[in-house]
Amino acid sequence: MLVNATQMLKAAKKGHYGIAAFNTNDLEWTRSILLAAEATQSPVIIQCTSGAAKWQQGFKVVRDVVNDLVDYMNITVPVAMHLDHGTYEDCFKAIDAGFTSIMYDGSHEASFDINVEHTKELVKLAHSKGLSIEAEVGGIGGTEDGVTAQGELADPEECKAIADLGVDFLACGIGNIHGPYPANWAGLNFDQLAKIQALTGELPLVLHGGTGIPKEQVLKAVSLGVSKININTDLQLVFARTTREFVESGKDLEGKNYDPRKFLKPGFDAMQAKAESLIRDFGSDGKGWDF
Ligand SMILES: [Zn+2]
């Protein structure tokens, strides 16, 4: 059974560890993530953008695949199905499809007032149906799913205003970027994070663009109130790299390795190993239903 992400993130905040939210692209992606969560006995958030949902033929397919795999694989740890960077319209679609958690990203709306207005409405709707909801203040740098932002730092007062609407966790730009980090990246802005944390109190914060941030910086962010760490590019990179190595080694030409179950297996195994190592880095291993 899928759960919402509220309790697991509250427990993470209290216990000073982070929970990974992995983006999925297909059934095998989801399977690798679930194997990693089960092996480490960690709660996990599986999330999907509308672009990745379109690729997988809709929100309902994504949700049903996650739900059915949890059942078929006898997954014993809590799993939340979360919408990543949803528009106002996407949120309704994901709720209808049976997601247990949504993110409304109002940081690209024409004004902060629109962000507030939509967040307020969606908080009410999500909570009436037992879902958790994430909101965003201040764009996250880089490009994800065609959405680009300038890597601004979130305004702490705006974070407080959105937090006060009753969201369950909040994404706020603190210098983080989607996709690989440039060599001249300035790092996370911990002063900004501390200012935001001071005004948002117990609310779990979300670190987007988790790939490539040095481990010490992620752990420091966790110590300052970050409880959810979004991982997308990391698994894509490890899958692509491992598949490339398999082909370049010529192993794809041996026996029946053209069979997709063999051809893609090294990549999926590598993704699972990467997910397990990230979960251990963030300290959510063994936390299971510890809430
Ligand atoms: Zn993001």
# chains A, B, ... in the order shown; residues from 1 in each chain; ligands from 1
$ residues_near_ligand --ligand "ligand 1" --cutoff "7 Å" --atoms "only C-alpha atoms and all ligand atoms" --output "PyMOL selection string"
chain A and resi 84-85+140+144+178+208-209+230
$ residues_around --residues "stretch 185-197 of chain A" --least-positions-apart "5" --cutoff "12 Å" --atoms "only C-alpha atoms" --output "ChimeraX atom specification"
/A:13,137-138,140-142,151-163,169-177,180,202-210,212-227
$ closest_residue --among "A:Lys274, A:His127, A:Lys256, A:Arg31" --to "A:Asp71" --atoms "only C-alpha atoms"
A:Arg31
$ residues_around --residues "stretch 74-83 of chain A" --least-positions-apart "6" --cutoff "10 Å" --atoms "only C-alpha atoms" --output "JSON, numbers by chain"
{"A": [1, 2, 3, 4, 5, 6, 8, 21, 22, 23, 34, 35, 37, 38, 39, 40, 41, 42, 43, 44, 45, 46, 47, 48, 49, 50, 53, 59, 62, 63, 64, 66, 67, 68, 90, 91, 93, 94, 95, 98, 99, 100, 101, 102, 103, 104, 131, 132, 133, 134, 286, 287, 288, 289, 290]}
$ atom_distance --atom1 "atom CA of A:Thr211" --atom2 "atom CA of A:Phe112"
27.9 Å
$ select_by_dssp --residues "stretch 80-146 of chain A" --states "strand (DSSP E)" --output "PDB file with N, CA and C atoms, in the first residue's frame"
ATOM      1  N   ALA A  80       5.963   6.325  -0.939  1.00  0.00           N
ATOM      2  CA  ALA A  80       5.041   7.397  -1.332  1.00  0.00           C
ATOM      3  C   ALA A  80       5.181   7.640  -2.829  1.00  0.00           C
ATOM      4  N   MET A  81       4.065   7.905  -3.485  1.00  0.00           N
ATOM      5  CA  MET A  81       4.050   8.208  -4.932  1.00  0.00           C
ATOM      6  C   MET A  81       3.776   9.698  -5.101  1.00  0.00           C
ATOM      7  N   HIS A  82       4.806  10.412  -5.519  1.00  0.00           N
ATOM      8  CA  HIS A  82       4.781  11.879  -5.475  1.00  0.00           C
ATOM      9  C   HIS A  82       4.885  12.503  -6.864  1.00  0.00           C
ATOM     10  N   LEU A  83       4.114  13.550  -7.083  1.00  0.00           N
ATOM     11  CA  LEU A  83       4.215  14.341  -8.318  1.00  0.00           C
ATOM     12  C   LEU A  83       5.344  15.355  -8.136  1.00  0.00           C
ATOM     13  N   SER A 101       0.905  11.888  -3.010  1.00  0.00           N
ATOM     14  CA  SER A 101       1.592  13.120  -2.644  1.00  0.00           C
ATOM     15  C   SER A 101       1.774  13.967  -3.907  1.00  0.00           C
ATOM     16  N   ILE A 102       1.677  15.287  -3.760  1.00  0.00           N
ATOM     17  CA  ILE A 102       1.871  16.153  -4.928  1.00  0.00           C
ATOM     18  C   ILE A 102       2.813  17.301  -4.586  1.00  0.00           C
ATOM     19  N   MET A 103       3.485  17.788  -5.644  1.00  0.00           N
ATOM     20  CA  MET A 103       4.210  19.042  -5.511  1.00  0.00           C
ATOM     21  C   MET A 103       3.556  20.030  -6.464  1.00  0.00           C
ATOM     22  N   TYR A 104       3.126  21.141  -5.918  1.00  0.00           N
ATOM     23  CA  TYR A 104       2.686  22.239  -6.770  1.00  0.00           C
ATOM     24  C   TYR A 104       3.843  23.225  -6.836  1.00  0.00           C
ATOM     25  N   SER A 132      -0.155  14.252   0.876  1.00  0.00           N
ATOM     26  CA  SER A 132       0.775  15.277   1.332  1.00  0.00           C
ATOM     27  C   SER A 132       1.051  16.223   0.166  1.00  0.00           C
ATOM     28  N   ILE A 133       1.482  17.439   0.494  1.00  0.00           N
ATOM     29  CA  ILE A 133       1.730  18.423  -0.560  1.00  0.00           C
ATOM     30  C   ILE A 133       3.002  19.232  -0.285  1.00  0.00           C
ATOM     31  N   GLU A 134       3.791  19.366  -1.347  1.00  0.00           N
ATOM     32  CA  GLU A 134       5.023  20.168  -1.339  1.00  0.00           C
ATOM     33  C   GLU A 134       4.771  21.408  -2.184  1.00  0.00           C
ATOM     34  N   ALA A 135       5.294  22.542  -1.737  1.00  0.00           N
ATOM     35  CA  ALA A 135       5.198  23.769  -2.530  1.00  0.00           C
ATOM     36  C   ALA A 135       6.606  24.281  -2.767  1.00  0.00           C
ATOM     37  N   GLU A 136       6.734  25.278  -3.620  1.00  0.00           N
ATOM     38  CA  GLU A 136       8.074  25.797  -3.921  1.00  0.00           C
ATOM     39  C   GLU A 136       8.105  27.321  -3.899  1.00  0.00           C
ATOM     40  N   VAL A 137       9.181  27.826  -3.350  1.00  0.00           N
ATOM     41  CA  VAL A 137       9.441  29.262  -3.350  1.00  0.00           C
ATOM     42  C   VAL A 137      10.827  29.488  -3.941  1.00  0.00           C
ATOM     43  N   GLY A 142      18.936  25.702 -13.233  1.00  0.00           N
ATOM     44  CA  GLY A 142      19.056  24.614 -14.203  1.00  0.00           C
ATOM     45  C   GLY A 142      17.754  24.354 -14.918  1.00  0.00           C
ATOM     46  N   THR A 143      17.731  23.291 -15.707  1.00  0.00           N
ATOM     47  CA  THR A 143      16.541  22.976 -16.477  1.00  0.00           C
ATOM     48  C   THR A 143      16.077  21.588 -16.133  1.00  0.00           C
ATOM     49  N   GLU A 144      14.786  21.463 -15.819  1.00  0.00           N
ATOM     50  CA  GLU A 144      14.210  20.154 -15.588  1.00  0.00           C
ATOM     51  C   GLU A 144      12.878  20.120 -16.297  1.00  0.00           C
TER      52      GLU A 144
END
$ residues_around --residues "A:Phe282" --least-positions-apart "3" --cutoff "6 Å" --atoms "only C-alpha atoms" --output "number ranges by chain"
A: 17-18, 279
$ write_last_selection --atoms "N, CA and C atoms" --output "short mmCIF file (atom, residue, chain, number, x, y, z; two decimals), in the first residue's frame"
data_model
loop_
_atom_site.label_atom_id
_atom_site.label_comp_id
_atom_site.auth_asym_id
_atom_site.auth_seq_id
_atom_site.Cartn_x
_atom_site.Cartn_y
_atom_site.Cartn_z
N TYR A 17 17.81 12.96 9.65
CA TYR A 17 18.31 12.26 8.47
C TYR A 17 17.48 12.72 7.26
N GLY A 18 17.92 12.30 6.07
CA GLY A 18 17.22 12.70 4.86
C GLY A 18 16.58 11.51 4.18
N ILE A 279 20.96 6.27 -0.17
CA ILE A 279 20.09 6.09 1.01
C ILE A 279 20.96 6.01 2.27
#
